[in-house]
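J.: Structure file structure_13.txt, compact mmCIF, C-alpha atoms, is pasted below:
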```
# COMPACT_ATOMS: atom_id res chain seq x y z
CA MET A 187 77.50 79.57 110.71
CA SER A 188 76.78 81.13 107.33
CA VAL A 189 79.92 82.21 105.54
CA THR A 190 78.34 85.58 104.82
CA LYS A 191 77.75 86.08 108.55
CA TYR A 192 81.22 85.35 109.87
CA PRO A 193 81.83 87.58 112.90
CA SER A 194 84.40 90.36 112.54
CA ILE A 195 84.45 90.30 108.72
CA ASN A 196 82.43 93.50 108.44
CA GLY A 197 84.66 95.08 111.06
CA LEU A 198 87.73 94.26 108.96
CA ARG A 199 85.98 95.64 105.89
CA ALA A 200 85.25 98.83 107.83
CA ILE A 201 88.92 99.26 108.70
CA SER A 202 89.97 98.63 105.12
CA ILE A 203 87.53 101.13 103.52
CA LEU A 204 88.37 103.79 106.13
CA MET A 205 92.05 103.31 105.26
CA VAL A 206 91.26 103.82 101.57
CA ILE A 207 89.21 106.95 102.26
CA ALA A 208 91.93 108.37 104.55
CA PHE A 209 94.54 107.62 101.88
CA HIS A 210 92.58 109.58 99.28
CA LEU A 211 91.78 112.46 101.64
CA ILE A 212 95.43 112.89 102.50
CA GLY A 213 96.57 112.37 98.92
CA MET A 214 94.21 115.11 97.75
CA GLY A 215 95.37 117.49 100.45
CA TYR A 216 92.18 117.58 102.51
CA VAL A 217 94.02 116.53 105.66
CA THR A 218 97.27 118.09 106.77
CA GLN A 219 100.33 115.87 106.52
CA ARG A 220 102.14 117.57 109.43
CA TYR A 221 101.39 114.72 111.77
CA THR A 222 103.21 112.32 109.42
CA GLU A 223 106.41 114.12 110.32
CA ILE A 224 106.10 113.22 114.02
CA ALA A 225 108.57 110.36 114.52
CA TRP A 226 106.59 108.27 117.01
CA LEU A 227 103.46 108.48 114.87
CA GLU A 228 105.19 107.34 111.68
CA PRO A 229 104.47 103.58 112.05
CA PHE A 230 100.78 104.35 112.61
CA THR A 231 100.45 106.81 109.74
CA LYS A 232 102.11 104.37 107.35
CA ILE A 233 99.46 101.81 108.27
CA PHE A 234 96.23 103.70 108.78
CA HIS A 235 96.23 105.85 105.67
CA ASN A 236 97.70 103.20 103.41
CA GLY A 237 95.12 102.67 100.69
CA TYR A 238 96.99 99.79 99.09
CA LEU A 239 96.98 97.85 102.35
CA GLY A 240 93.28 98.62 102.71
CA VAL A 241 92.58 97.20 99.24
CA ASN A 242 94.59 94.08 100.04
CA VAL A 243 92.46 93.49 103.14
CA PHE A 244 89.46 93.49 100.79
CA PHE A 245 91.26 91.13 98.42
CA VAL A 246 92.25 88.62 101.12
CA ILE A 247 88.72 88.61 102.56
CA SER A 248 87.23 88.21 99.08
CA GLY A 249 89.42 85.24 98.18
CA PHE A 250 88.66 83.63 101.54
CA LEU A 251 84.88 84.07 101.36
CA ILE A 252 84.48 83.09 97.71
CA THR A 253 86.56 79.94 98.14
CA THR A 254 84.77 79.03 101.37
CA LEU A 255 81.42 79.37 99.60
CA LEU A 256 82.62 77.13 96.79
CA ILE A 257 83.90 74.52 99.25
CA ARG A 258 80.60 74.51 101.15
CA GLU A 259 78.56 74.22 97.97
CA GLU A 260 80.74 71.33 96.82
CA ASN A 261 80.40 69.58 100.20
CA GLN A 262 76.61 69.95 100.16
CA SER A 263 75.79 69.18 96.54
CA GLY A 264 78.87 67.33 95.31
CA THR A 265 79.72 70.00 92.73
CA VAL A 266 79.59 73.73 92.02
CA SER A 267 77.03 75.34 89.73
CA LEU A 268 78.93 77.76 87.50
CA ARG A 269 75.68 79.29 86.26
CA LYS A 270 74.54 80.14 89.78
CA PHE A 271 78.00 81.35 90.73
CA PHE A 272 78.16 83.87 87.89
CA ILE A 273 74.57 84.99 88.47
CA ARG A 274 75.33 85.60 92.15
CA ARG A 275 78.48 87.59 91.35
CA THR A 276 76.68 89.61 88.68
CA LEU A 277 73.80 90.50 90.99
CA ARG A 278 76.24 91.49 93.74
CA ILE A 279 78.66 93.63 91.71
CA PHE A 280 77.01 94.96 88.56
CA PRO A 281 73.91 96.93 89.73
CA ALA A 282 75.68 99.29 92.15
CA TYR A 283 78.69 99.75 89.88
CA TYR A 284 76.73 100.53 86.74
CA PHE A 285 74.45 102.82 88.72
CA LEU A 286 77.57 104.77 89.66
CA LEU A 287 78.59 104.93 86.00
CA LEU A 288 75.08 106.12 85.10
CA VAL A 289 75.43 108.98 87.59
CA TYR A 290 78.86 109.76 86.10
CA ALA A 291 77.31 109.88 82.61
CA ILE A 292 74.61 112.30 83.76
CA LEU A 293 77.21 114.53 85.44
CA GLN A 294 79.33 114.47 82.29
CA ILE A 295 76.36 115.35 80.07
CA CYS A 296 75.72 118.29 82.42
CA ALA A 297 79.42 119.28 82.04
CA ILE A 298 80.04 118.90 85.78
CA ILE A 299 82.77 116.26 85.49
CA GLU A 300 84.93 115.11 82.59
CA ILE A 301 85.91 111.47 81.95
CA PRO A 302 87.86 110.66 78.76
CA TRP A 303 86.22 108.21 76.36
CA GLY A 304 89.10 105.77 76.75
CA SER A 305 88.44 105.68 80.48
CA TRP A 306 84.76 105.04 79.85
CA THR A 307 85.68 102.02 77.73
CA THR A 308 87.92 100.41 80.35
CA ALA A 309 85.51 101.24 83.16
CA ILE A 310 82.50 99.69 81.43
CA THR A 311 84.41 96.56 80.37
CA TYR A 312 86.24 95.96 83.68
CA LEU A 313 89.64 96.58 82.07
CA LYS A 314 90.43 99.59 84.23
CA TYR A 315 93.74 98.34 85.57
CA PHE A 316 95.23 98.79 82.09
CA ASN A 317 94.73 102.58 82.18
CA TRP A 318 93.84 103.40 85.77
CA LYS A 319 95.96 106.59 85.71
CA LYS A 320 94.04 108.18 82.83
CA ASP A 321 91.37 109.80 85.00
CA TRP A 322 90.46 110.16 88.66
CA TYR A 323 86.76 109.33 88.83
CA THR A 324 87.00 105.77 87.48
CA SER A 325 90.56 104.99 88.53
CA HIS A 326 89.50 103.08 91.67
CA ALA A 327 87.81 100.49 89.46
CA TRP A 328 91.23 98.89 88.89
CA SER A 329 90.66 96.77 92.01
CA LEU A 330 87.13 95.84 90.95
CA SER A 331 88.52 94.77 87.57
CA ILE A 332 90.96 92.43 89.30
CA GLU A 333 88.12 90.94 91.35
CA GLU A 334 85.96 90.40 88.28
CA HIS A 335 88.74 88.71 86.33
CA PHE A 336 89.46 86.48 89.31
CA TYR A 337 85.82 85.38 89.28
CA LEU A 338 86.13 84.44 85.60
CA PHE A 339 88.76 81.75 86.08
CA TRP A 340 88.81 80.66 89.74
CA PRO A 341 85.57 78.58 89.70
CA PHE A 342 86.86 76.63 86.67
CA LEU A 343 90.15 75.89 88.44
CA PHE A 344 88.22 74.98 91.60
CA LEU A 345 86.17 72.39 89.71
CA GLN A 346 89.33 70.60 88.58
CA GLY A 347 89.71 69.08 92.04
CA GLN A 348 91.49 69.68 95.32
CA ARG A 349 95.01 69.19 94.00
CA ILE A 350 94.57 71.73 91.18
CA ARG A 351 92.93 74.36 93.38
CA ARG A 352 95.63 74.01 96.04
CA ASN A 353 98.44 74.25 93.52
CA ALA A 354 96.71 77.13 91.73
CA SER A 355 96.46 79.18 94.93
CA VAL A 356 100.19 78.75 95.53
CA ILE A 357 101.09 79.51 91.90
CA MET A 358 99.06 82.72 92.01
CA MET A 359 100.84 83.76 95.21
CA VAL A 360 104.20 83.16 93.52
CA LEU A 361 103.16 84.85 90.27
CA ALA A 362 102.92 88.36 91.71
CA PRO A 363 106.51 88.56 93.11
CA VAL A 364 107.84 87.10 89.84
CA MET A 365 105.93 89.64 87.75
CA LEU A 366 107.14 92.50 89.96
CA LEU A 367 110.71 91.41 89.27
CA VAL A 368 109.97 91.13 85.54
CA MET A 369 108.48 94.61 85.60
CA HIS A 370 111.61 95.90 87.35
CA VAL A 371 114.06 94.27 84.92
CA PHE A 372 112.16 94.75 81.66
CA SER A 373 110.24 97.74 80.39
CA VAL A 374 106.83 96.31 79.46
CA GLY A 375 104.29 99.01 78.68
CA TRP A 376 101.15 97.19 79.82
CA LEU A 377 102.66 96.04 83.13
CA ASN A 378 102.07 98.13 86.23
CA ASP A 379 101.77 97.49 89.97
CA GLN A 380 97.94 97.67 89.82
CA ILE A 381 97.48 94.92 87.24
CA ILE A 382 96.05 91.50 88.08
CA PHE A 383 99.39 89.73 87.55
CA THR A 384 101.09 91.83 90.22
CA ARG A 385 98.18 91.95 92.70
CA ILE A 386 96.58 88.49 92.42
CA ASP A 387 98.67 87.22 95.35
CA ALA A 388 96.36 89.00 97.83
CA ILE A 389 93.23 87.22 96.58
CA ALA A 390 95.20 83.99 96.25
CA THR A 391 96.26 84.31 99.90
CA GLY A 392 92.60 84.40 100.86
CA CYS A 393 91.96 81.31 98.71
CA TYR A 394 94.88 79.52 100.35
CA PHE A 395 93.66 80.37 103.85
CA ALA A 396 90.16 79.13 102.94
CA ILE A 397 91.47 75.82 101.59
CA TYR A 398 93.78 75.18 104.55
CA HIS A 399 92.00 77.15 107.27
CA GLU A 400 91.31 74.13 109.50
CA LYS A 401 94.97 73.07 109.43
CA ILE A 402 96.19 76.64 109.91
CA ILE A 403 93.84 77.21 112.86
CA GLU A 404 94.93 73.91 114.42
CA LYS A 405 98.58 75.01 114.28
CA LEU A 406 97.88 78.55 115.50
CA ARG A 407 95.28 77.85 118.17
CA ALA A 408 97.76 77.13 120.98
CA HIS A 409 99.45 80.50 120.41
CA TRP A 410 96.63 82.59 118.89
CA THR A 411 97.54 85.82 120.64
CA LEU A 412 101.24 85.49 119.85
CA PHE A 413 100.60 85.02 116.12
CA PHE A 414 98.07 87.86 116.11
CA TYR A 415 100.45 90.37 117.65
CA ALA A 416 103.33 89.08 115.54
CA SER A 417 101.24 89.71 112.41
CA LEU A 418 100.39 93.22 113.59
CA LEU A 419 104.07 93.82 114.30
CA ILE A 420 104.96 92.69 110.79
CA LEU A 421 102.48 95.17 109.30
CA PHE A 422 103.83 98.02 111.43
CA ALA A 423 107.51 97.17 110.96
CA TRP A 424 107.50 95.99 107.35
CA PRO A 425 107.39 99.45 105.67
CA ASN A 426 110.61 100.50 107.40
CA LEU A 427 112.24 97.10 106.85
CA TRP A 428 111.19 97.26 103.20
CA GLU A 429 112.79 100.69 102.81
CA LEU A 430 116.03 99.39 104.35
CA ALA A 431 115.97 96.32 102.10
CA GLU A 432 115.35 98.43 99.01
CA GLN A 433 118.43 100.53 99.81
CA SER A 434 120.68 97.52 100.48
CA ASN A 435 121.78 94.33 98.76
CA SER A 436 118.29 92.93 99.40
CA ARG A 437 116.67 95.31 96.91
CA LEU A 438 115.37 92.54 94.63
CA PHE A 439 113.72 90.87 97.64
CA ALA A 440 112.04 94.16 98.55
CA ILE A 441 110.83 94.66 94.97
CA ALA A 442 109.47 91.11 94.71
CA PHE A 443 107.54 91.06 97.97
CA GLY A 444 106.41 94.66 97.99
CA SER A 445 105.78 96.85 101.00
CA LEU A 446 102.28 96.81 102.49
CA LYS A 447 100.76 95.69 99.19
CA GLY A 448 102.97 92.63 98.84
CA THR A 449 102.97 88.94 99.74
CA ILE A 450 104.41 89.25 103.25
CA ALA A 451 101.75 91.76 104.29
CA ASN A 452 99.06 89.55 102.72
CA PHE A 453 100.01 86.59 104.94
CA ALA A 454 99.90 88.83 108.00
CA ILE A 455 96.42 89.99 106.92
CA GLY A 456 95.36 86.34 106.51
CA ILE A 457 96.44 85.43 110.04
CA ILE A 458 94.76 88.51 111.48
CA MET A 459 91.59 87.60 109.57
CA LEU A 460 91.52 84.04 110.96
CA TYR A 461 92.21 85.32 114.47
CA SER A 462 89.43 87.90 114.11
CA VAL A 463 86.87 85.29 112.99
CA PHE A 464 87.88 82.11 114.81
CA GLY A 465 90.08 83.36 117.66
CA PRO A 466 89.26 84.33 121.24
CA GLN A 467 86.45 86.83 121.62
CA ARG A 468 88.40 89.46 123.50
CA LEU A 469 88.88 93.21 123.04
CA TRP A 470 89.84 93.02 119.34
CA PHE A 471 86.85 90.81 118.55
CA LYS A 472 84.49 93.12 120.47
CA PHE A 473 85.88 96.17 118.66
CA LEU A 474 85.40 94.66 115.21
CA ASN A 475 81.84 93.66 116.08
CA LEU A 476 80.71 97.04 117.38
CA ARG A 477 77.51 98.19 115.66
CA ILE A 478 79.26 101.14 114.03
CA MET A 479 82.03 98.91 112.64
CA HIS A 480 79.49 96.40 111.40
CA PHE A 481 77.48 99.15 109.72
CA ILE A 482 80.49 100.72 107.99
CA GLY A 483 81.64 97.29 106.83
CA PHE A 484 78.11 96.57 105.68
CA LEU A 485 78.35 99.63 103.40
CA SER A 486 81.97 99.06 102.42
CA TYR A 487 81.31 98.21 98.75
CA SER A 488 79.07 101.25 98.32
CA LEU A 489 81.57 103.46 100.16
CA TYR A 490 84.32 102.14 97.91
CA LEU A 491 82.31 103.04 94.81
CA TRP A 492 81.19 106.54 95.82
CA GLN A 493 84.20 107.96 97.66
CA GLN A 494 85.99 108.64 94.38
CA LEU A 495 83.30 111.04 93.16
CA PHE A 496 83.38 113.22 96.27
CA ILE A 497 87.11 113.21 97.06
CA ASN A 498 88.64 115.52 94.50
CA LYS A 499 90.32 118.86 95.10
CA THR A 500 88.21 121.16 92.92
CA ASN A 501 85.96 124.16 93.57
CA LEU A 502 82.80 122.09 93.14
CA TRP A 503 80.60 122.30 96.22
CA PHE A 504 80.34 118.53 96.65
CA HIS A 505 84.15 118.27 96.84
CA GLN A 506 84.38 120.55 99.87
CA PHE A 507 85.34 119.01 103.22
CA PRO A 508 83.45 117.88 105.34
CA VAL A 509 80.40 118.06 103.03
CA ASN A 510 82.03 115.45 100.79
CA ILE A 511 82.37 112.97 103.67
CA VAL A 512 78.68 113.31 104.49
CA LEU A 513 77.77 112.83 100.83
CA ILE A 514 79.92 109.70 100.56
CA PHE A 515 77.92 108.06 103.36
CA VAL A 516 74.57 109.40 102.11
CA MET A 517 75.14 107.98 98.63
CA ALA A 518 76.49 104.73 100.06
CA VAL A 519 73.33 104.27 102.14
CA PHE A 520 71.15 105.17 99.14
CA SER A 521 73.08 102.81 96.87
CA TYR A 522 72.80 99.92 99.31
CA TYR A 523 69.14 100.19 100.26
CA ILE A 524 67.72 101.35 96.91
CA ILE A 525 70.01 99.71 94.35
CA GLU A 526 71.88 96.81 95.93
CA ARG A 527 69.43 95.37 98.41
CA PRO A 528 66.73 94.31 95.91
CA PHE A 529 69.33 92.49 93.84
CA LEU A 530 70.82 90.89 96.97
CA GLN A 531 67.38 89.49 97.78
CA LEU A 532 67.21 88.08 94.26
CA LYS A 533 70.74 86.72 94.66
CA LYS A 534 69.59 84.48 97.53
CA LYS A 535 67.43 82.51 95.08
CA PHE A 536 70.59 81.31 93.37
CA SER A 537 72.31 80.09 96.52
CA ASN A 538 72.36 76.49 97.65
CA LEU A 539 73.64 77.43 101.10
```
For the file at hand, write its structure as structure tokens.

T.:
Amino acid sequence: MSVTKYPSINGLRAISILMVIAFHLIGMGYVTQRYTEIAWLEPFTKIFHNGYLGVNVFFVISGFLITTLLIREENQSGTVSLRKFFIRRTLRIFPAYYFLLLVYAILQICAIIEIPWGSWTTAITYLKYFNWKKDWYTSHAWSLSIEEHFYLFWPFLFLQGQRIRRNASVIMMVLAPVMLLVMHVFSVGWLNDQIIFTRIDAIATGCYFAIYHEKIIEKLRAHWTLFFYASLLILFAWPNLWELAEQSNSRLFAIAFGSLKGTIANFAIGIIMLYSVFGPQRLWFKFLNLRIMHFIGFLSYSLYLWQQLFINKTNLWFHQFPVNIVLIFVMAVFSYYIIERPFLQLKKKFSNL
């Protein structure tokens, strides 16, 4: 099975991008928040329009797939080609992203949108998580910046051997809770909860699950369904437990491990991911592999890029609901088939798998 064709992965991506879009729609006031006040719906609303959880699903999947690809290349050829790795990543990420920035530039020249020059600098250089609050249109690139910086160092650590890569994945998972505590205790201007040092644990969790996935599956297989539902329960219950912990003597624990964007949630995501790909092919598996879920997941990167342009509460016609939702999908389809697809075909030439 090709790592890029794992079943259910696109379905998980679909869920994650829909969570991000819902989070932004509600945050911008497009969707009424009355339903969030209904007590029995609260656990569901905290999950399904939680953009940070949606991003972490992306992060865990990304760490898992990238590390799995590296492991397979190493097993087949005895090593990993850094040159081919960086070419593949560049061809996958850069064209669609810089096309978006080109459209932004045209809109700014036409005085339709306004992006500060400082935001342009961090957006172009993948340093967005240092000033992600400065403007709306490029702010979502904070997560892409984290991904890109992860790609810069992880292959080098991977090449140092199994012991180093295993230890590195654990260290990165520990780093984020430590940095969150440091940020809480000390006032450090450049630290925030969207920076790589406080969010790397999600990608690292994916790396860890890729490195140990055979052992993890072996331990979970006898009780797949139990672990799956337990992980779902953790995701649904953790926000309330986190709030209780934050208000009690366990406040430092709550700060360190975050709510739905923290380490505990990441491990639950990892187990759900393994169950979705390698577990029994029952109702959950069938749902994730529906054509519509596969298609939305297929477009997830493009949807992630373009949703920020069209979700903004202004009087501009392309910000009006539901026209903006249609435009998000139209531009995502255009971006994929016209911009991304040719480069993805070229990307295959630099794959050994």

J.: Provide an axis-aligned box for all listed atoms of stretch 436-441 of chain A, padding each side by 5 Å; report its centre and its edge lengths in Å to one decimal, as lines of an AutoDock Vina configuration file.

T.:
```
center_x = 114.6
center_y = 93.1
center_z = 97.0
size_x = 17.5
size_y = 14.4
size_z = 14.8
```

J.: Choose the residue, out of A:Leu377, A:Leu338, A:Ala442, A:Leu288, that has the smallest atom-to-atom separation from A:Val360; count all atoms listed in the file.

T.: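 Nearest to A:Val360: A:Ala442.
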
J.: Considering all atoms listed in the file, can you say which of A:Tyr283, A:Phe453, A:Phe372, A:Tyr337 comes closest to A:Met359?

T.: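 Among A:Tyr283, A:Phe453, A:Phe372, A:Tyr337, it is A:Phe453 that comes nearest to A:Met359.
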
J.: Mind giving me the straight-line distance from atom CA of A:Ser355 to atom CA of A:Thr253 in Å, one decimal?

T.: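 So the answer is 10.4 Å.
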
J.: Please, what distance in Å, to one decimal, runs between atom CA of A:Phe536 and atom CA of A:Arg275?

T.: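 Straight-line distance from atom CA of A:Phe536 to atom CA of A:Arg275 works out to 10.3 Å.
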
J.: What's around stretch 394-411 of chain A at 9 Å? Count all atoms listed in the file, leave out sequence neighbours fewer than 5 positions away in its own chain, and write the answer as a list in words.

T.: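 Listing them by chain and then by number gives Val246, Gly249, Phe250, Leu251, Ile252, Thr253, Thr254, Ile257, Gln348, Arg351, Arg352, Ser355, Val356, Met359, Ile389, Ala416, Phe453, Gly456, Ile457, Leu460, Tyr461, Phe464, Gly465 and Pro466 of chain A.
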
J.: For the selection you just gave me, I'd like the residues written to a file as a tab-separated table (two decimals), keeping the file's coordinate frame, keeping C-alpha atoms.

T.:
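Heads up, here's the output in again.tsv:
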```tsv
chain	number	residue	atom	x	y	z
A	246	VAL	CA	92.25	88.62	101.12
A	249	GLY	CA	89.42	85.24	98.18
A	250	PHE	CA	88.66	83.63	101.54
A	251	LEU	CA	84.88	84.07	101.36
A	252	ILE	CA	84.48	83.09	97.71
A	253	THR	CA	86.56	79.94	98.14
A	254	THR	CA	84.77	79.03	101.37
A	257	ILE	CA	83.90	74.52	99.25
A	348	GLN	CA	91.49	69.68	95.32
A	351	ARG	CA	92.93	74.36	93.38
A	352	ARG	CA	95.63	74.01	96.04
A	355	SER	CA	96.46	79.18	94.93
A	356	VAL	CA	100.19	78.75	95.53
A	359	MET	CA	100.84	83.76	95.21
A	389	ILE	CA	93.23	87.22	96.58
A	416	ALA	CA	103.33	89.08	115.54
A	453	PHE	CA	100.01	86.59	104.94
A	456	GLY	CA	95.36	86.34	106.51
A	457	ILE	CA	96.44	85.43	110.04
A	460	LEU	CA	91.52	84.04	110.96
A	461	TYR	CA	92.21	85.32	114.47
A	464	PHE	CA	87.88	82.11	114.81
A	465	GLY	CA	90.08	83.36	117.66
A	466	PRO	CA	89.26	84.33	121.24
```

J.: Might you pull out every residue within 12 Å of A:Ser194, with only C-alpha atoms counted and same-chain residues fewer than 6 positions away left off, and present them as a PyMOL selection string?

T.: chain A and resi 200-201+247+458-477+479-484

J.: Suppose you want the space between atom CA of A:Gly240 and atom CA of A:Gln493; what is it in Å?

T.: 14.0 Å

J.: Just checking: using only C-alpha atoms, which residue out of A:Phe515, A:Tyr415, A:Tyr284, A:Phe529 ends up closest to A:Tyr490?

T.: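 Of A:Phe515, A:Tyr415, A:Tyr284, A:Phe529, the one nearest A:Tyr490 is A:Phe515, counting only C-alpha atoms.
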
J.: Here is a test: counting all atoms listed in the file, which residue of A:Leu367, A:Ala423, A:Ile279, A:Ala451 is nearest to A:Arg527?

T.: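 Closest candidate: A:Ile279.
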
J.: Go through A:Trp322, A:Phe285, A:Trp303, A:Phe316 and flag the residue nearest A:Tyr522, using all atoms listed in the file for the distances.

T.: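 Comparing A:Trp322, A:Phe285, A:Trp303, A:Phe316 against A:Tyr522, the winner is A:Phe285.
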
J.: Which polymer residues, protein or nucleic acid, are no farther than 10 Å from (72.0, 74.0, 97.3), counting all atoms listed in the file, as a list of chain:residue names?

T.: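 Within the cut-off we find A:Arg258, A:Glu259, A:Glu260, A:Asn261, A:Gln262, A:Ser263, A:Gly264, A:Thr265, A:Val266, A:Ser267, A:Lys535, A:Phe536, A:Ser537, A:Asn538, A:Leu539.
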
J.: Around the point (113.0, 94.5, 91.5) in the file's coordinates, collect all residues with an atom within 7 Å, using only C-alpha atoms, and return them as a PyMOL selection string.

T.: chain A and resi 366-367+370-371+437-438+441-442

J.: With distances taken over all atoms listed in the file, which of A:Ser417, A:Ser486, A:Thr500, A:Gln380 is nearest to A:Ile207?

T.: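 The closest residue to A:Ile207 is A:Ser486.
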
J.: Give me the residues near A:His505 as JSON, numbers by chain, where near means some atom within 12 Å (using all atoms listed in the file) and where sequence neighbours in that chain fewer than 5 positions away do not count.

T.: {"A": [211, 214, 215, 216, 298, 299, 493, 494, 495, 496, 497, 498, 499, 500, 510, 511, 512, 513, 514]}
